[in-house]
Each structure stands twice: as structure tokens, then as C-alpha cells.
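Colleague: Starting off with a structure, shown below.
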Amino acid sequence: MKVKIQIVLVVILLQIIVMTNAGCFDSESKPAVLGDYAKHYLQDSKYPKLLIEIDYVQGNSPSNQAINILEDKINKHCDKQQILIDKDSFSSSKSTYSDEDIRELEDEHRDNFNGNEIIVAYILYVNGRYSENEDVLGIAYGPSSIVIFIEQINGINIPWWATTFIDHTDYEKSVLVHEFGHLLAMVNIGYQSERAHESASPYENHCIHEDCVMYHSIETVSIVNLISRDDPIPPYDFYHDCEDDLKKLKSGDY
Ligand SMILES: [Zn+2]
Ligand SMILES: [Zn+2]
């Protein structure tokens, strides 16, 4: 089980490295990588507004509860005067998605890019599974791009004792906030935290605290191991070390 989880994480991290080096450019036409827009998401100086563009495969819409939680976290940690949502659906005949498929979907369907005081976060919701690993629930694959495998999230088996406390939207909330956390450079993506809270290899760029939304298990089916009878709700908040990093990135200390 441990080996399997490690393989999953290695795959995700490799994808982050591979996918962030391809195809994304900022306004100066330099390749932008994951974490490069973190300060623009956190601060209001250049982009006082945030537009969340969500494109989903028909029948795989995000839940309002998950979007609301994401907005709550953005309002808590980012200085934005306004958050706009642009939601659209498209049809797909696929049931597995490779890295290339995901990039192609974004090329085809993404309508919005940074500019005019608005910074964009692009979120794809797809049916089916990630071609490299069916355990993956979400990937932050570019400086402003996230894919959520909502069918995999909705396929998670909720333990019977937890069904009175949670449903699949609780897992969705955690995965969505986690991937947005990577866009905010969590953990140690392009900066170095003064606090020793980054997980060791192979869980780099994740937080050591199991009750933090940036814990590595959250973006794989291992998320089920994070709930217990004492605490049946999966985490969807930044624990104090990540919260401190976000504050220091926002203030310019990092
Ligand atoms: Zn992650
Ligand atoms: Zn944390």
C-alpha cells in the first residue's frame, strides 16, 4: 500500500514538472510554471479581480458546495475585490485522459487569460480517470490550471459510519482547495518556507500536517485514510504553517 501511494505521488509530481514546462506563457511570453502566479492570486495590486473559469464534461458539473468553499478560502487568503465564475460544459467521448488530452481540452475550451485587472484560474472537471493512474483525483498542471477527476472522487467508497457526516462533495471540496493551493505555490514551489512543514521525498510540495488541506493524500484515493470516527470530515483548510506561508507570500516576505 505504501509503495503504491509513493508511486502515485511520484507520478503526480512528475506530471507537475512535465506539464508546467509546456505550453503556458505569461504576458511577457516567457514560459510560466506552477507557482509563478501565486502572488498575483494572493495580492490585489496587479489583478484586483479573480475569474474562475470552469469547463466541465457534460454530466460532471462541480458541486455548488465545493465552489462555495473554494470562494471562502480565496476570500480568506487572497486580496480580491471580486470573484467571477464562468462555467461552461462540453461533451466528451473519452473515459481516460492523458496529460496531452488535458492540455488539448484546455486549448480547445479555455476562453479567459490574465489581463484587464483580472487574473484567471482555469479548472477542468472531467469524467473518467487519469490515464497514468486511476487513483489520482486532481492535478495542478500549470501556473493557472487544474484538472479534477470528479467521477473518481464520486466513486470513492465512504465508510458506512461516515455516511451520516459526509458525502462525496466533502472530498471534492478538499481536492479542489488542495489543487488551488498548488496554484498558490504550496508548499515551497518557487519559495522557501522558514517553517519546516514540507513533506520529505516522494511527497515534495506537500504539507506534513495530516489535518492540512495540502497533505499529500488529499489528491489521491488515499484521502479516505484521513477520516476517522473522531474526525470524519476531510480537511479543506490551510493549517497554520501553510497559512503563514500564504501570508508571507502575500506580504512579499517570501
Ligand atoms: Zn498536491
Ligand atoms: Zn499545511
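By convention here, the chains of the C-alpha cells are called A, B, ... in the order presented, each chain's residues are numbered starting at 1, and ligands are numbered starting at 1 in the order presented.
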Give me, as a compact mmCIF listing (two decimals) with C-alpha atoms, in the first residue's frame, all polymer residues having an atom no more than 12 Å from Ile146 of chain A, counting only C-alpha atoms and skipping those fewer than 2 positions away in the same chain.
Modeller:
```
# COMPACT_ATOMS: atom_id res chain seq x y z
CA GLN A 15 3.27 15.43 -14.12
CA ILE A 16 3.53 18.77 -12.36
CA MET A 19 3.16 19.76 -17.63
CA THR A 20 4.20 23.07 -16.13
CA LEU A 34 3.34 26.26 -11.40
CA ILE A 52 -12.57 31.23 -12.08
CA GLU A 53 -13.28 29.59 -15.42
CA ILE A 54 -14.73 26.12 -15.02
CA ASP A 55 -15.22 23.88 -18.05
CA TYR A 56 -16.80 20.52 -17.31
CA ASP A 99 -1.55 14.80 -19.97
CA ILE A 102 -5.89 17.53 -20.70
CA ARG A 103 -3.77 20.22 -22.36
CA LEU A 105 -9.04 20.27 -23.70
CA GLU A 106 -7.73 23.48 -22.17
CA ARG A 110 -10.36 27.96 -22.28
CA VAL A 120 -7.77 33.69 -14.23
CA ALA A 121 -7.81 30.28 -12.59
CA TYR A 122 -8.79 27.58 -15.06
CA ILE A 123 -10.48 24.43 -13.73
CA LEU A 124 -11.37 21.41 -15.84
CA TYR A 125 -13.83 18.85 -14.48
CA VAL A 126 -13.68 15.59 -16.39
CA LEU A 137 -8.29 12.80 -8.05
CA GLY A 138 -6.80 16.12 -9.17
CA ILE A 139 -3.71 17.71 -10.69
CA ALA A 140 -2.44 21.29 -10.76
CA TYR A 141 -0.72 21.10 -14.13
CA GLY A 142 0.15 24.71 -14.90
CA PRO A 143 0.53 28.13 -13.28
CA SER A 144 -3.23 28.69 -13.58
CA ILE A 148 -10.43 17.49 -11.28
CA PHE A 149 -11.37 13.84 -11.88
CA VAL A 175 -9.34 18.16 -3.65
CA LEU A 176 -10.40 21.47 -5.19
CA VAL A 177 -8.90 23.61 -2.41
CA HIS A 178 -5.75 21.42 -2.44
CA GLU A 179 -5.14 21.96 -6.16
CA PHE A 180 -5.82 25.68 -5.82
CA GLY A 181 -3.25 25.62 -3.01
CA HIS A 182 -0.66 24.43 -5.55
CA LEU A 183 -1.52 27.45 -7.74
CA LEU A 184 -0.75 29.49 -4.59
CA GLU A 219 -5.27 14.35 -4.18
```
Colleague: As a ChimeraX atom specification, please: all residues of segment 10-156 of chain A that backbone DSSP puts in helix (DSSP H, G or I).
Modeller: /A:10-20,38-42,64-77,99-109,150-154
Colleague: How would you report the residues lying within 6 Å of ligand 2, as a JSON list (two decimals) with N, CA, C and O atoms, in the first residue's frame, if you count only C-alpha atoms and all ligand atoms?
Modeller:
```json
[["chain", "number", "residue", "atom", "x", "y", "z"],
["A", 207, "CYS", "N", 2.31, 19.27, 2.54],
["A", 207, "CYS", "CA", 2.46, 19.67, 3.94],
["A", 207, "CYS", "C", 2.47, 18.42, 4.83],
["A", 207, "CYS", "O", 1.77, 17.45, 4.56],
["A", 209, "HIS", "N", 1.35, 18.13, 7.79],
["A", 209, "HIS", "CA", 0.23, 18.02, 8.73],
["A", 209, "HIS", "C", -0.96, 17.31, 8.11],
["A", 209, "HIS", "O", -1.51, 17.77, 7.11],
["A", 212, "CYS", "N", -4.10, 19.34, 7.41],
["A", 212, "CYS", "CA", -3.99, 20.47, 6.49],
["A", 212, "CYS", "C", -4.43, 20.03, 5.10],
["A", 212, "CYS", "O", -4.18, 18.90, 4.69],
["A", 214, "MET", "N", -3.20, 20.69, 2.39],
["A", 214, "MET", "CA", -2.09, 20.41, 1.50],
["A", 214, "MET", "C", -1.40, 19.07, 1.81],
["A", 214, "MET", "O", -0.34, 18.78, 1.26],
["A", 238, "PHE", "N", -6.23, 25.48, 5.20],
["A", 238, "PHE", "CA", -4.77, 25.52, 5.31],
["A", 238, "PHE", "C", -4.41, 25.58, 6.79],
["A", 238, "PHE", "O", -4.84, 26.48, 7.49],
["A", 239, "TYR", "N", -3.65, 24.59, 7.25],
["A", 239, "TYR", "CA", -3.19, 24.54, 8.64],
["A", 239, "TYR", "C", -2.21, 25.68, 8.87],
["A", 239, "TYR", "O", -1.74, 26.30, 7.93],
["A", 241, "ASP", "N", 0.89, 26.41, 9.40],
["A", 241, "ASP", "CA", 2.15, 26.62, 8.66],
["A", 241, "ASP", "C", 1.89, 27.08, 7.24],
["A", 241, "ASP", "O", 2.54, 28.00, 6.74],
["A", 242, "CYS", "N", 0.96, 26.44, 6.55],
["A", 242, "CYS", "CA", 0.62, 26.86, 5.19],
["A", 242, "CYS", "C", -0.02, 28.25, 5.21],
["A", 242, "CYS", "O", 0.26, 29.08, 4.35]]
```
Colleague: Hey, what's within 12 Å of Arg195 of chain A if we count only C-alpha atoms and toss same-chain stuff fewer than 6 positions away? As a PyMOL selection string, please?
Modeller: chain A and resi 187-188+207-208+240-245+248+254
Colleague: Give me a file of those residues, with C-alpha atoms, as a PDB file, in the first residue's frame.
Modeller:
```pdb
ATOM      1  CA  VAL A 187       4.353  24.038  -0.409  1.00  0.00           C
ATOM      2  CA  ASN A 188       7.760  25.532  -1.287  1.00  0.00           C
ATOM      3  CA  CYS A 207       2.461  19.666   3.942  1.00  0.00           C
ATOM      4  CA  ILE A 208       3.397  17.304   6.757  1.00  0.00           C
ATOM      5  CA  HIS A 240      -1.192  27.246  10.420  1.00  0.00           C
ATOM      6  CA  ASP A 241       2.147  26.620   8.664  1.00  0.00           C
ATOM      7  CA  CYS A 242       0.624  26.858   5.187  1.00  0.00           C
ATOM      8  CA  GLU A 243      -1.484  29.804   6.315  1.00  0.00           C
ATOM      9  CA  ASP A 244       1.683  31.576   7.477  1.00  0.00           C
ATOM     10  CA  ASP A 245       3.374  30.871   4.123  1.00  0.00           C
ATOM     11  CA  LYS A 248       4.284  35.920   3.816  1.00  0.00           C
ATOM     12  CA  TYR A 254       8.843  35.361   0.516  1.00  0.00           C
TER      13      TYR A 254
END
```
Colleague: For Asp170 of chain A, find every residue with an atom within 12 Å (counting only C-alpha atoms), except residues of its own chain fewer than 2 positions away, and show them as a PyMOL selection string.
Modeller: chain A and resi 62-70+150+153-154+156+158+162-163+165-168+172-177+213+218+223-224+227+232-236
Colleague: Skip Tyr47 of chain A itself and residues of its chain fewer than 2 positions away, then list as a VMD selection string all residues within 12 Å of it, counting only C-alpha atoms.
Modeller: chain A and resid 37 to 45 49 to 51 78 to 83 113 to 120
Colleague: May I ask which of the residues A:Gln192, A:Thr220, A:Asn225, A:Ser89 is the closest one to Glu134 of chain A, counting only C-alpha atoms?
Modeller: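 Nearest to Glu134 of chain A: A:Thr220.
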Colleague: As a VMD selection string, list the residues of segment 10-205 of chain A assigned to strand (DSSP E or B) by DSSP on the backbone atoms of this structure.
Modeller: chain A and resid 25 31 49 to 57 82 to 90 96 to 97 115 118 to 126 129 to 130 136 138 to 142 145 to 149 198
Colleague: So, with only C-alpha atoms as the atoms that count, which of A:Asn157, A:Ser199, A:Ser92, A:Asn75 lies closest to Tyr215 of chain A?
Modeller: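 Distance minimum relative to Tyr215 of chain A lands on A:Ser199.
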Colleague: Taking only C-alpha atoms into account, which of A:Ala32, A:Leu84, A:Ile74, A:Met186 comes nearest Leu249 of chain A?
Modeller: A:Met186
Colleague: Determine the nearest neighbour of Glu132 of chain A from the options A:Phe90, A:Trp161, A:Tyr97, A:Tyr191, counting only C-alpha atoms.
Modeller: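 Ranked by minimum distance to Glu132 of chain A, first place goes to A:Tyr97.
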Colleague: Which is closest to ligand 1 among A:Ser251, A:Asn205, A:Ser61, A:Ser228, if we use only C-alpha atoms and all ligand atoms?
Modeller: A:Asn205
Colleague: Interatomic distance between atom CA of Ala185 of chain A and atom CA of Gly35 of chain A?
Modeller: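 Separation of atom CA of Ala185 of chain A and atom CA of Gly35 of chain A: 4.2 Å.
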Colleague: Calculate how many Å separate atom CA of Asp101 of chain A from atom CA of Gly190 of chain A, rounding to one decimal.
Modeller: 26.8 Å
Colleague: Return the single residue from A:Gly59, A:Val147, A:Gln152, A:Gly252 that is closest to ligand 1, with distances computed using only C-alpha atoms and all ligand atoms.
Modeller: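 The answer is A:Val147, which sits nearest to ligand 1.
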Colleague: Tell me, in Å to one decimal, how far atom CA of Pro202 of chain A is from atom CA of His77 of chain A.
Modeller: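 Distance between the two atoms: 27.6 Å.
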